[in-house]
Every structure is written in C-alpha cells, then in structure tokens.
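Peer 1: start-v8.tsv is reproduced below (TSV, C-alpha atoms).
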```tsv
chain	number	residue	atom	x	y	z
Z	27	MET	CA	-12.03	-5.58	29.31
Z	28	PRO	CA	-8.27	-5.62	30.04
Z	29	LEU	CA	-5.91	-6.76	27.32
Z	30	ILE	CA	-3.92	-9.87	28.19
Z	31	ASN	CA	-0.47	-11.05	27.07
Z	32	LEU	CA	0.55	-7.51	26.23
Z	33	PRO	CA	4.24	-6.56	26.29
Z	34	ALA	CA	5.40	-4.78	29.41
Z	35	PHE	CA	5.92	-1.57	27.44
Z	36	ALA	CA	2.25	-1.35	26.32
Z	37	ALA	CA	1.29	1.17	29.01
Z	38	ASP	CA	4.24	3.37	28.05
Z	39	LEU	CA	3.19	3.10	24.42
Z	40	LEU	CA	-0.30	4.34	25.25
Z	41	ALA	CA	1.30	7.21	27.15
Z	42	ASP	CA	3.31	8.01	24.00
Z	43	PHE	CA	0.09	8.22	22.00
Z	44	GLU	CA	-1.52	10.50	24.57
Z	45	ARG	CA	1.53	12.76	24.60
Z	46	LEU	CA	1.31	13.02	20.81
Z	47	GLY	CA	-2.23	14.35	21.07
Z	48	THR	CA	-4.07	11.39	19.54
Z	49	LEU	CA	-7.57	10.12	20.25
Z	50	ARG	CA	-7.46	6.45	21.17
Z	51	VAL	CA	-10.15	4.36	19.47
Z	52	ASP	CA	-11.09	0.71	19.16
Z	53	THR	CA	-12.95	-1.11	16.40
Z	54	PRO	CA	-14.92	-4.39	16.30
Z	55	VAL	CA	-12.93	-7.59	15.89
Z	56	ILE	CA	-15.50	-8.85	13.35
Z	57	GLN	CA	-15.30	-6.68	10.24
Z	58	PRO	CA	-17.03	-6.63	6.83
Z	59	ALA	CA	-14.66	-8.47	4.52
Z	60	GLU	CA	-15.33	-6.53	1.33
Z	61	PRO	CA	-13.17	-3.45	2.04
Z	62	PHE	CA	-10.13	-5.63	2.81
Z	63	LEU	CA	-10.70	-7.85	-0.22
Z	64	ASP	CA	-11.10	-4.83	-2.50
Z	65	MET	CA	-8.44	-2.48	-1.15
Z	66	ALA	CA	-5.87	-4.19	1.05
Z	67	GLY	CA	-3.81	-6.01	-1.56
Z	68	GLU	CA	-3.21	-9.61	-2.58
Z	69	ASP	CA	-0.67	-10.41	0.12
Z	70	LEU	CA	-3.04	-9.47	2.94
Z	71	ARG	CA	-6.12	-10.95	1.24
Z	72	ARG	CA	-4.66	-14.44	1.26
Z	73	ARG	CA	-3.93	-14.19	5.00
Z	74	ILE	CA	-7.41	-13.10	6.16
Z	75	PHE	CA	-9.59	-15.33	8.35
Z	76	MET	CA	-12.99	-15.34	6.66
Z	77	THR	CA	-16.48	-16.17	7.98
Z	78	GLU	CA	-20.12	-15.44	7.12
Z	79	SER	CA	-23.12	-13.89	8.85
Z	80	GLU	CA	-26.46	-15.67	9.06
Z	81	THR	CA	-27.57	-13.72	6.00
Z	82	GLY	CA	-24.54	-14.81	3.98
Z	83	LYS	CA	-22.61	-11.54	4.28
Z	84	SER	CA	-18.85	-12.03	4.06
Z	85	LEU	CA	-17.09	-11.16	7.30
Z	86	CYS	CA	-13.54	-11.49	8.58
Z	87	LEU	CA	-11.50	-11.21	11.74
Z	88	ARG	CA	-9.81	-7.80	11.84
Z	89	PRO	CA	-6.55	-8.23	9.84
Z	90	GLU	CA	-5.32	-4.64	10.32
Z	91	PHE	CA	-6.53	-1.34	11.76
Z	92	THR	CA	-6.27	1.30	9.03
Z	93	ILE	CA	-9.46	0.38	7.18
Z	94	PRO	CA	-11.55	-0.12	10.38
Z	95	VAL	CA	-10.36	3.20	11.84
Z	96	CYS	CA	-11.21	5.01	8.59
Z	97	LEU	CA	-14.65	3.36	8.46
Z	98	ARG	CA	-15.27	4.40	12.07
Z	99	HIS	CA	-14.31	7.97	11.25
Z	100	ILE	CA	-16.77	8.06	8.33
Z	101	GLU	CA	-19.59	6.42	10.32
Z	102	THR	CA	-19.23	8.78	13.28
Z	103	ALA	CA	-19.03	11.84	10.99
Z	104	THR	CA	-16.10	13.18	13.01
Z	105	GLY	CA	-14.55	16.33	11.62
Z	106	THR	CA	-10.97	16.67	10.43
Z	107	PRO	CA	-8.13	17.01	11.04
Z	108	GLN	CA	-8.12	14.18	13.54
Z	109	ARG	CA	-5.33	11.95	14.82
Z	110	TYR	CA	-6.41	8.51	16.00
Z	111	SER	CA	-4.35	5.93	17.87
Z	112	TYR	CA	-5.13	2.28	18.49
Z	113	LEU	CA	-3.77	-0.75	20.26
Z	114	GLY	CA	-5.40	-4.13	19.87
Z	115	GLU	CA	-5.38	-7.60	18.42
Z	116	ILE	CA	-5.29	-8.41	14.74
Z	117	PHE	CA	-5.75	-11.80	13.13
Z	118	ARG	CA	-3.66	-12.84	10.17
Z	119	GLN	CA	-2.22	-16.09	8.88
Z	120	ARG	CA	1.56	-16.07	9.20
Z	121	ARG	CA	4.25	-18.50	8.13
Z	122	GLU	CA	5.83	-18.26	11.58
Z	123	GLY	CA	4.54	-16.96	14.87
Z	124	ALA	CA	1.03	-16.64	16.25
Z	125	ASN	CA	-1.86	-15.80	13.95
Z	126	GLU	CA	-3.33	-13.56	16.66
Z	127	PHE	CA	-1.10	-10.72	17.80
Z	128	TYR	CA	-1.08	-7.07	18.81
Z	129	GLN	CA	-0.55	-3.97	16.72
Z	130	ALA	CA	-0.62	-0.31	17.67
Z	131	GLY	CA	-0.43	2.78	15.55
Z	132	ILE	CA	-1.58	6.23	14.52
Z	133	GLU	CA	-3.84	7.32	11.64
Z	134	ASP	CA	-3.64	11.03	10.78
Z	135	LEU	CA	-6.77	12.07	8.84
Z	136	GLY	CA	-7.48	15.41	7.20
Z	137	GLU	CA	-4.20	17.28	7.62
Z	138	THR	CA	-3.87	19.36	4.43
Z	139	ASP	CA	-0.15	20.12	4.93
Z	140	VAL	CA	0.89	16.83	3.37
Z	141	ALA	CA	4.64	17.29	3.77
Z	142	SER	CA	4.34	18.11	7.49
Z	143	ALA	CA	1.92	15.23	8.11
Z	144	ASP	CA	4.23	12.77	6.34
Z	145	ALA	CA	7.20	14.03	8.35
Z	146	ARG	CA	5.22	13.81	11.58
Z	147	ALA	CA	4.24	10.18	10.92
Z	148	ILE	CA	7.85	9.21	10.27
Z	149	SER	CA	9.28	11.20	13.17
Z	150	ASP	CA	6.63	9.89	15.59
Z	151	ALA	CA	7.32	6.28	14.60
Z	152	ILE	CA	11.07	6.81	15.03
Z	153	ALA	CA	10.61	8.55	18.38
Z	154	ILE	CA	8.32	5.82	19.75
Z	155	LEU	CA	10.65	3.00	18.72
Z	156	THR	CA	13.69	4.87	20.05
Z	157	ALA	CA	11.97	5.34	23.42
Z	158	ARG	CA	10.68	1.75	23.68
Z	159	LEU	CA	13.85	0.09	22.33
Z	160	PRO	CA	16.69	2.01	23.98
Z	161	GLY	CA	20.13	1.34	22.57
Z	162	LYS	CA	18.84	-0.19	19.33
Z	163	LYS	CA	20.00	1.41	16.07
Z	164	LEU	CA	17.14	1.83	13.63
Z	165	ASP	CA	17.14	1.42	9.85
Z	166	VAL	CA	14.49	3.60	8.17
Z	167	THR	CA	13.65	3.06	4.49
Z	168	LEU	CA	11.42	5.37	2.43
Z	169	GLY	CA	9.83	5.06	-0.98
Z	170	ASP	CA	7.33	7.18	-2.87
Z	171	GLN	CA	4.68	5.69	-5.11
Z	172	SER	CA	3.64	9.09	-6.44
Z	173	VAL	CA	7.13	9.69	-7.87
Z	174	PHE	CA	7.01	6.28	-9.58
Z	175	GLU	CA	3.55	7.11	-10.98
Z	176	ALA	CA	4.91	10.40	-12.34
Z	177	VAL	CA	7.83	8.62	-14.02
Z	178	VAL	CA	5.56	6.01	-15.61
Z	179	ALA	CA	3.17	8.70	-16.87
Z	180	ALA	CA	6.01	10.85	-18.23
Z	181	CYS	CA	7.33	7.86	-20.18
Z	182	GLY	CA	4.10	7.91	-22.20
Z	183	LEU	CA	2.90	4.39	-21.45
Z	184	PRO	CA	-0.72	3.50	-22.26
Z	185	ALA	CA	-3.13	3.77	-19.33
Z	186	GLY	CA	-3.40	-0.02	-19.05
Z	187	TRP	CA	0.34	-0.47	-18.67
Z	188	GLN	CA	0.56	2.42	-16.21
Z	189	LYS	CA	-2.13	0.75	-14.10
Z	190	ARG	CA	-0.31	-2.60	-14.13
Z	191	LEU	CA	3.07	-1.15	-13.22
Z	192	ILE	CA	1.64	1.02	-10.43
Z	193	HIS	CA	-0.24	-1.98	-9.02
Z	194	ALA	CA	3.06	-3.91	-8.94
Z	195	PHE	CA	5.01	-1.10	-7.26
Z	196	GLY	CA	7.05	-2.47	-4.39
Z	197	ASN	CA	7.23	-5.99	-5.87
Z	198	PRO	CA	10.59	-6.08	-7.70
Z	199	ALA	CA	10.00	-9.50	-9.30
Z	200	GLN	CA	6.61	-8.50	-10.67
Z	201	ILE	CA	7.90	-5.16	-11.94
Z	202	ASP	CA	10.77	-6.91	-13.70
Z	203	THR	CA	8.36	-9.38	-15.32
Z	204	LEU	CA	6.18	-6.54	-16.60
Z	205	LEU	CA	9.16	-4.62	-17.98
Z	206	THR	CA	10.33	-7.78	-19.76
Z	207	ARG	CA	6.86	-8.15	-21.30
Z	208	LEU	CA	7.02	-4.53	-22.43
Z	209	SER	CA	10.24	-5.30	-24.26
Z	210	ARG	CA	8.73	-8.43	-25.86
Z	211	PRO	CA	4.92	-7.99	-26.00
Z	212	GLN	CA	2.82	-11.13	-26.42
Z	213	PRO	CA	-0.26	-11.17	-28.70
Z	214	VAL	CA	-3.73	-11.90	-27.32
Z	215	THR	CA	-4.83	-15.34	-28.52
Z	216	GLY	CA	-7.88	-17.58	-28.21
Z	217	LEU	CA	-10.50	-15.06	-29.31
Z	218	SER	CA	-13.26	-16.09	-31.71
Z	219	ALA	CA	-13.27	-14.78	-35.26
Z	220	GLU	CA	-16.40	-12.70	-34.52
Z	221	ILE	CA	-14.81	-10.97	-31.53
Z	222	GLU	CA	-11.55	-10.43	-33.43
Z	223	ALA	CA	-13.49	-8.75	-36.24
Z	224	LEU	CA	-15.52	-6.57	-33.87
Z	225	LEU	CA	-12.38	-5.48	-32.00
Z	226	SER	CA	-10.72	-4.58	-35.28
Z	227	SER	CA	-13.76	-2.62	-36.44
Z	228	GLY	CA	-13.88	-0.49	-33.32
Z	229	ASP	CA	-17.66	-0.97	-33.09
Z	230	GLU	CA	-17.92	-1.16	-29.29
Z	231	ALA	CA	-21.75	-1.18	-29.18
Z	232	THR	CA	-21.97	-4.23	-31.45
Z	233	LEU	CA	-19.18	-5.97	-29.50
Z	234	ILE	CA	-21.08	-5.46	-26.23
Z	235	ALA	CA	-24.31	-6.74	-27.81
Z	236	HIS	CA	-22.50	-9.81	-29.16
Z	237	LEU	CA	-20.98	-10.57	-25.75
Z	238	ASP	CA	-24.39	-10.13	-24.09
Z	239	GLU	CA	-26.02	-12.56	-26.55
Z	240	THR	CA	-23.24	-15.11	-26.09
Z	241	MET	CA	-23.44	-14.93	-22.30
Z	242	GLU	CA	-27.22	-15.27	-22.41
Z	243	ALA	CA	-27.05	-18.25	-24.75
Z	244	THR	CA	-24.52	-20.08	-22.57
Z	245	GLY	CA	-26.31	-19.26	-19.32
Z	246	TYR	CA	-23.20	-17.49	-18.04
Z	247	SER	CA	-24.88	-14.13	-17.57
Z	248	THR	CA	-26.62	-15.12	-14.34
Z	249	ASN	CA	-23.30	-15.78	-12.60
Z	250	ALA	CA	-20.99	-13.38	-14.41
Z	251	SER	CA	-18.69	-11.30	-12.26
Z	252	ARG	CA	-18.26	-8.82	-15.14
Z	253	SER	CA	-20.85	-7.24	-17.40
Z	254	PRO	CA	-20.60	-7.40	-21.21
Z	255	LYS	CA	-19.55	-3.74	-21.16
Z	256	GLU	CA	-16.74	-4.46	-18.67
Z	257	ILE	CA	-15.58	-7.48	-20.68
Z	258	ALA	CA	-15.54	-5.42	-23.89
Z	259	ALA	CA	-13.46	-2.72	-22.19
Z	260	ARG	CA	-11.04	-5.34	-20.89
Z	261	LEU	CA	-10.64	-6.90	-24.35
Z	262	LYS	CA	-9.93	-3.48	-25.86
Z	263	GLU	CA	-7.35	-2.81	-23.15
Z	264	LYS	CA	-5.64	-6.15	-23.80
Z	265	ARG	CA	-5.51	-5.42	-27.52
Z	266	ALA	CA	-3.94	-2.03	-26.83
Z	267	LEU	CA	-1.43	-3.58	-24.42
Z	268	GLU	CA	-0.32	-6.22	-26.90
Z	269	LYS	CA	0.61	-3.51	-29.38
Z	270	THR	CA	2.81	-1.68	-26.89
Z	271	ALA	CA	6.51	-2.30	-27.26
Z	272	LEU	CA	8.74	0.20	-25.53
Z	273	ASP	CA	12.02	1.17	-27.10
Z	274	GLY	CA	15.21	0.26	-25.35
Z	275	ARG	CA	15.82	3.81	-24.17
Z	276	THR	CA	12.50	4.08	-22.30
Z	277	LEU	CA	12.98	0.69	-20.68
Z	278	ALA	CA	16.46	1.76	-19.62
Z	279	VAL	CA	15.00	4.94	-18.10
Z	280	LEU	CA	12.49	2.94	-16.04
Z	281	ARG	CA	15.14	0.51	-14.85
Z	282	GLU	CA	17.52	3.35	-14.00
Z	283	PHE	CA	14.86	5.01	-11.87
Z	284	LEU	CA	14.05	1.79	-10.04
Z	285	SER	CA	17.76	1.28	-9.26
Z	286	LEU	CA	18.09	4.55	-7.31
Z	287	ASN	CA	19.15	3.79	-3.73
Z	288	MET	CA	20.80	6.38	-1.48
Z	289	PRO	CA	20.56	8.38	1.74
Z	290	LEU	CA	17.34	10.41	1.73
Z	291	ALA	CA	19.31	13.65	2.05
Z	292	ASP	CA	20.86	12.99	-1.39
Z	293	ALA	CA	17.60	11.91	-3.06
Z	294	PRO	CA	16.16	15.32	-4.11
Z	295	ALA	CA	19.28	16.22	-6.10
Z	296	ALA	CA	19.54	12.70	-7.54
Z	297	LEU	CA	15.88	12.69	-8.65
Z	298	PHE	CA	16.26	16.13	-10.25
Z	299	ALA	CA	19.38	14.94	-12.11
Z	300	PHE	CA	17.56	11.79	-13.24
Z	301	ALA	CA	14.61	13.81	-14.58
Z	302	GLU	CA	16.90	16.24	-16.39
Z	303	LYS	CA	19.00	13.46	-17.92
Z	304	SER	CA	15.93	11.46	-18.99
Z	305	GLY	CA	14.01	14.45	-20.29
Z	306	LEU	CA	11.02	13.67	-18.06
Z	307	THR	CA	8.76	16.33	-16.57
Z	308	LEU	CA	8.37	15.41	-12.91
Z	309	ASP	CA	8.15	18.87	-11.40
Z	310	GLY	CA	5.03	18.34	-9.24
Z	311	ALA	CA	6.12	15.01	-7.78
Z	312	LEU	CA	9.66	16.23	-7.12
Z	313	SER	CA	8.43	19.44	-5.46
Z	314	ARG	CA	6.31	17.37	-3.07
Z	315	PHE	CA	9.27	15.08	-2.42
Z	316	ASP	CA	11.55	18.05	-1.66
Z	317	ALA	CA	8.94	19.55	0.68
Z	318	ARG	CA	8.75	16.29	2.66
Z	319	VAL	CA	12.54	16.11	3.08
Z	320	ALA	CA	12.54	19.72	4.29
Z	321	ALA	CA	9.66	18.98	6.68
Z	322	LEU	CA	11.57	16.03	8.12
Z	323	GLY	CA	14.47	18.36	8.85
Z	324	ASN	CA	12.09	20.79	10.57
Z	325	ALA	CA	10.79	17.86	12.65
Z	326	GLY	CA	14.31	17.10	13.83
Z	327	VAL	CA	14.87	13.99	11.69
Z	328	ASP	CA	18.31	13.63	10.08
Z	329	ALA	CA	17.63	12.80	6.42
Z	330	LYS	CA	21.18	11.49	6.09
Z	331	ALA	CA	20.29	8.67	8.48
Z	332	LEU	CA	17.30	7.56	6.38
Z	333	ALA	CA	17.48	5.53	3.17
Z	334	TYR	CA	15.56	6.25	-0.03
Z	335	ARG	CA	14.90	3.42	-2.48
Z	336	ALA	CA	12.99	4.34	-5.61
Z	337	ALA	CA	11.64	0.79	-5.98
Z	338	PHE	CA	10.52	0.48	-2.37
Z	339	GLY	CA	6.82	-0.01	-1.74
Z	340	ARG	CA	4.58	-1.81	0.73
Z	341	PRO	CA	2.15	-4.68	-0.01
Z	342	LEU	CA	-1.09	-2.81	0.59
Z	343	ASP	CA	-3.00	-1.52	-2.42
Z	344	TYR	CA	-4.38	1.62	-0.77
Z	345	TYR	CA	-1.07	3.50	-0.55
Z	346	THR	CA	-0.76	6.51	-2.86
Z	347	GLY	CA	2.43	8.37	-1.93
Z	348	MET	CA	5.18	8.16	0.66
Z	349	VAL	CA	5.73	4.76	2.27
Z	350	PHE	CA	8.23	3.76	4.94
Z	351	GLU	CA	9.38	0.90	7.14
Z	352	ILE	CA	11.59	0.76	10.21
Z	353	ALA	CA	13.69	-2.19	11.37
Z	354	ILE	CA	16.65	-2.64	13.69
Z	355	GLU	CA	20.01	-2.50	11.98
Z	356	GLY	CA	20.99	-6.01	10.90
Z	357	SER	CA	17.46	-7.40	11.25
Z	358	PRO	CA	14.92	-8.09	8.48
Z	359	ALA	CA	11.93	-7.86	10.82
Z	360	VAL	CA	9.77	-4.80	10.19
Z	361	LEU	CA	8.91	-3.10	13.51
Z	362	ALA	CA	6.92	-0.20	12.06
Z	363	GLY	CA	5.53	0.59	8.66
Z	364	GLY	CA	3.16	3.05	7.10
Z	365	GLY	CA	2.54	5.62	4.44
Z	366	ARG	CA	0.07	7.93	2.73
Z	367	PHE	CA	-3.35	6.71	1.56
Z	368	ASP	CA	-5.20	9.73	0.17
Z	369	ARG	CA	-7.72	7.80	-1.95
Z	370	LEU	CA	-8.85	5.33	0.71
Z	371	MET	CA	-11.36	7.53	2.53
Z	372	THR	CA	-13.44	8.25	-0.58
Z	373	LEU	CA	-13.26	4.60	-1.64
Z	374	LEU	CA	-14.69	3.70	1.76
Z	375	GLY	CA	-17.57	6.13	1.37
Z	376	ALA	CA	-16.38	9.56	2.53
Z	377	LYS	CA	-18.27	12.31	0.70
Z	378	GLU	CA	-15.15	14.40	0.18
Z	379	ARG	CA	-11.46	13.72	-0.29
Z	380	ILE	CA	-9.64	13.37	3.03
Z	381	PRO	CA	-5.82	13.28	2.96
Z	382	ALA	CA	-4.48	10.56	5.23
Z	383	VAL	CA	-1.23	9.10	6.49
Z	384	GLY	CA	-0.41	6.65	9.25
Z	385	PHE	CA	1.76	3.86	10.59
Z	386	ALA	CA	1.50	0.60	12.52
Z	387	LEU	CA	3.80	-0.91	15.14
Z	388	TRP	CA	4.30	-4.67	15.51
Z	389	LEU	CA	4.32	-5.23	19.26
Z	390	ASP	CA	5.44	-8.87	19.13
Z	391	ARG	CA	8.49	-7.96	17.06
Z	392	MET	CA	9.31	-5.06	19.35
Z	393	GLU	CA	9.15	-7.46	22.30
Z	394	GLN	CA	11.44	-9.93	20.51
Z	395	ALA	CA	13.87	-7.13	19.70
Z	396	LEU	CA	14.05	-6.17	23.36
Z	397	ALA	CA	14.85	-9.76	24.28
Z	398	LYS	CA	17.79	-9.96	21.84
Z	399	PRO	CA	21.09	-8.34	22.82
Z	400	HIS	CA	21.62	-6.95	19.34
Z	401	GLY	CA	18.06	-7.03	18.04
Z	402	VAL	CA	18.87	-9.65	15.40
Z	403	ALA	CA	15.81	-11.48	14.13
Z	404	THR	CA	15.89	-15.12	13.12
Z	405	ARG	CA	12.91	-15.05	10.79
Z	406	LYS	CA	11.88	-13.19	7.71
Z	407	PRO	CA	9.32	-10.39	8.04
Z	408	GLU	CA	5.72	-10.93	7.06
Z	409	ALA	CA	3.90	-8.50	4.84
Z	410	ALA	CA	3.81	-5.13	6.51
Z	411	GLN	CA	1.00	-3.46	8.42
```
Transcribe the structure of this file into structure tokens.
Peer 2:
Amino acid sequence: MPLINLPAFAADLLADFERLGTLRVDTPVIQPAEPFLDMAGEDLRRRIFMTESETGKSLCLRPEFTIPVCLRHIETATGTPQRYSYLGEIFRQRREGANEFYQAGIEDLGETDVASADARAISDAIAILTARLPGKKLDVTLGDQSVFEAVVAACGLPAGWQKRLIHAFGNPAQIDTLLTRLSRPQPVTGLSAEIEALLSSGDEATLIAHLDETMEATGYSTNASRSPKEIAARLKEKRALEKTALDGRTLAVLREFLSLNMPLADAPAALFAFAEKSGLTLDGALSRFDARVAALGNAGVDAKALAYRAAFGRPLDYYTGMVFEIAIEGSPAVLAGGGRFDRLMTLLGAKERIPAVGFALWLDRMEQALAKPHGVATRKPEAAQ
C-alpha cells in the first residue's frame, strides 16, 4: 500500500538507507502497550494513544519504531549483526502539529565494536540530513549516560539514590531537585509504630509477614500492584535514602560534572582533568568515551564541530550510553535523535545480550526546515524519537 502525504525527499531517503546497507522493515501499527509503558519513559507514555483488544489486552497505536523493530528482530530470530531501516507513520499526542506523522531511521543491532557503531550512527544521521537539507548548517549535541552513571557510582551514593539520579538523567530540573534533596534529606513520615519498629529491628521476614496480614485484613491484597516483599524492600530503600546527606564537596563535584559543556574534541581531556581533580575513578567510562571520539574521526566526522554536554540526555528510559540530537543552527526543533540502548533487547525477551544503537529522523520537521530560508523553527521541539 503506497504511503501518502510523504515529503518529496522520501524516495531519496529510502535510497540513502539502501546505500548504507540496511534491511528495510515495517511493523504493525497496533502494538502491545506494555513494552512502551514499561520502557519508553514518562514523557512518551503520556502521549500514547491507548486501546484494548476484545480480551482486555492493552494495546496502543505505534508511538515510535525502536521497540517494535527490536521485538520483530527477536520474534523472527534473525541473527546479528543486523542493520534495519524503517519509514512509516507514528502516532503521538503533540502540543502542536499533527498527532499522526512520519518517522524514518536506522536500528543497528549486534555490532560488538561499540565505538564504531556509535560513530556510524552519528555519521549516518549527519550525512543523511546534509544530503536532504542542502545548505543548512547542523548543530549536533552529544551526551553519555554511562559517564554520568560512572560519576554517580564513584561518588559513593547508595544504590537507591544512584537509581533515582540515573532515571532523571537528561532532565535538568529533576536532577537539580534531587541534588537539593541530597543536601537537605527529608525523613520518611506517616508509618505506623509497628512498621517503624520492624524497620528499625531489621527483621525483614517479620515485616513482610506483617504487611501481608495487613493487606489481607484490609482486602487490599487482591488489587495490590506490589507484593508485601516489594513493599518491604521499598520501605527499606526509603529509610536508607532519608539517612543520606552528601557533603558539600560531593555535591559540588556532581554539579561541576553536569556543568561541562564544550566542543566534543575537547571533552576527553576535560573529562580526564575532572576525574583527576575530583579523585574519581572513571577509567572504563572514559576509555569508551575516548574510543568513540576516535571512531568519529575515523568516520570522517569533525569532533570540533560537535558539542558535548555532560548533562544532556534524551527522554526515553531505555538509553544506556551515548545519546545525540541534531537540529539546524538557530532552531530548537530536533530533526534527528538517537543513542545506545544495550539493555533493551534482553528486557524485551532476547535470550542473550545484544548491543544496539540507532536514530530516528522527523520527516515533518525536515520538510518544514526545507521550506524555511534559514531553517528557523517557530515552535518548541517535542520529546525526541
């Protein structure tokens, strides 16, 4: 069935994908909702168009392609490495513009040379946009969640705080709120005397039994979204979090890291200097970062023309490492965005870990950019990919 209302450059875009050696795939418009609700992130979750099957199974209109392409790969038991491309409609609530629009992109699954695969994704996205938007100067911004995770771990934060900060990566306001709470921790209140005593005693088995009895007595157990064991673990985590108060030096280290903003070519030296000054051991994360910058150079990408922001992330929960976005200079509208998502395949059911990286292109924004003499957008960008 031919696609309608496609930009004039769509055929050229498909030719780009073929030239890059990708396998073009399509996925059903109606998708199981659970993977998106569990893994896509809060920003995308609230934009999804939901429905139900006759049996009550939660379904949704396809809000993006990464998860469906990965599910298709697992279901078809296709070997790796494999590079997929796609071009089709997605459905997502937006503040401005149509809620049904086209995206295209590439998902690179199973390439074990992570640095080269990351560089290829970035260089391919740049090359495609350069070819389809001649004369437009591109702004490319990179971040790296794995470096942030290494910094947080090296600072010695409890696991619960590490999890919260990593989940908030890429959301400056939320990160700032969490750091403020770390400087002025708030006690957990509203617990019964029995639960307070059991938490203090450290008797987890009795705490779980008490929660089970209470839930049974109140009739809550039949509709509970969490088991007594999960609730007990959460209460213990909250109690540990309330006792965490970072010293001013550690908070300053975290804020200094998040303030780093420079040309990508300067970032390896700056990150090394930051680690040395702060006394943090980040060797593994920094080695991977250096390898990616070198791989970009080998791919013909000028690292001086790309920006690195330590606090930069993207609003999808499945990212694990490098993330990037591309816009036209002077415009806030994201034309392409992507990153690494190494944990997603196993979360979706793959029997073994499959490294993965990819990017998506917003065709409606590319079309608008072509129509504007200087590519200046008049609206703010939606959440990426």
Peer 1: Check the smallest atom-to-atom distance from each of Z:Asn324, Z:Pro289, Z:Gly182, Z:Glu355 to Thr276 of chain Z using only C-alpha atoms, then report the winner.
Peer 2: Z:Gly182
Peer 1: Atom CA of Ala147 of chain Z to atom CA of Gly323 of chain Z: how many Å, to one decimal?
Peer 2: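 Calculated distance between atom CA of Ala147 of chain Z and atom CA of Gly323 of chain Z is 13.3 Å.
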Peer 1: Applying 12 Å and only C-alpha atoms, which residues near Gln108 of chain Z remain after dropping the ones on its own chain fewer than 3 positions away? List them as a ChimeraX atom specification.
Peer 2: /Z:46-51,95-96,99-100,103-105,111,132-138,143,380-384
Peer 1: Just give me the gap between atom CA of Lys255 of chain Z and atom CA of Ile234 of chain Z in Å, one decimal is fine.
Peer 2: 5.6 Å
Peer 1: Within 7 Å of Val349 of chain Z, counting all atoms listed in the file, which residues show up once you throw out same-chain ones fewer than 2 positions away? Write them as a PyMOL selection string, please.
Peer 2: chain Z and resi 168-170+339-340+347+364-366
Peer 1: Determine, using only C-alpha atoms, which residues of segment 339-365 of chain Z have any atom at most 12 Å from an atom of segment 121-129 of chain Z, and tabulate each with its shortest atom pair and distance in Å to one decimal place, rows ordered by chain and then rising number, as a Markdown table.
Peer 2:
```
| residue | atom | partner | partner_atom | distance |
| --- | --- | --- | --- | --- |
| Z:Leu361 | CA | Z:Gln129 | CA | 10.0 |
| Z:Ala362 | CA | Z:Gln129 | CA | 9.6 |
| Z:Gly363 | CA | Z:Gln129 | CA | 11.1 |
```
Peer 1: Please complete segment 277-288 of chain Z with N, CA and C atoms and give it back as a compact mmCIF listing (two decimals), in the frame of the given file.
Peer 2:
```
# COMPACT_ATOMS: atom_id res chain seq x y z
N LEU Z 277 12.81 1.76 -21.66
CA LEU Z 277 12.98 0.69 -20.68
C LEU Z 277 14.19 0.95 -19.80
N ALA Z 278 15.26 1.45 -20.40
CA ALA Z 278 16.46 1.76 -19.62
C ALA Z 278 16.18 2.87 -18.61
N VAL Z 279 15.37 3.85 -19.00
CA VAL Z 279 15.00 4.94 -18.10
C VAL Z 279 14.24 4.39 -16.89
N LEU Z 280 13.27 3.52 -17.14
CA LEU Z 280 12.49 2.94 -16.04
C LEU Z 280 13.37 2.13 -15.11
N ARG Z 281 14.26 1.33 -15.68
CA ARG Z 281 15.14 0.51 -14.85
C ARG Z 281 16.13 1.38 -14.09
N GLU Z 282 16.60 2.46 -14.70
CA GLU Z 282 17.52 3.35 -14.00
C GLU Z 282 16.83 3.98 -12.80
N PHE Z 283 15.59 4.43 -12.99
CA PHE Z 283 14.86 5.01 -11.87
C PHE Z 283 14.71 4.01 -10.73
N LEU Z 284 14.29 2.80 -11.06
CA LEU Z 284 14.05 1.79 -10.04
C LEU Z 284 15.33 1.36 -9.32
N SER Z 285 16.48 1.66 -9.90
CA SER Z 285 17.76 1.28 -9.26
C SER Z 285 18.25 2.32 -8.27
N LEU Z 286 17.62 3.49 -8.20
CA LEU Z 286 18.09 4.55 -7.31
C LEU Z 286 17.99 4.11 -5.85
N ASN Z 287 19.08 4.25 -5.12
CA ASN Z 287 19.15 3.79 -3.73
C ASN Z 287 20.24 4.61 -3.04
N MET Z 288 19.85 5.44 -2.06
CA MET Z 288 20.80 6.38 -1.48
C MET Z 288 20.26 6.95 -0.18
```
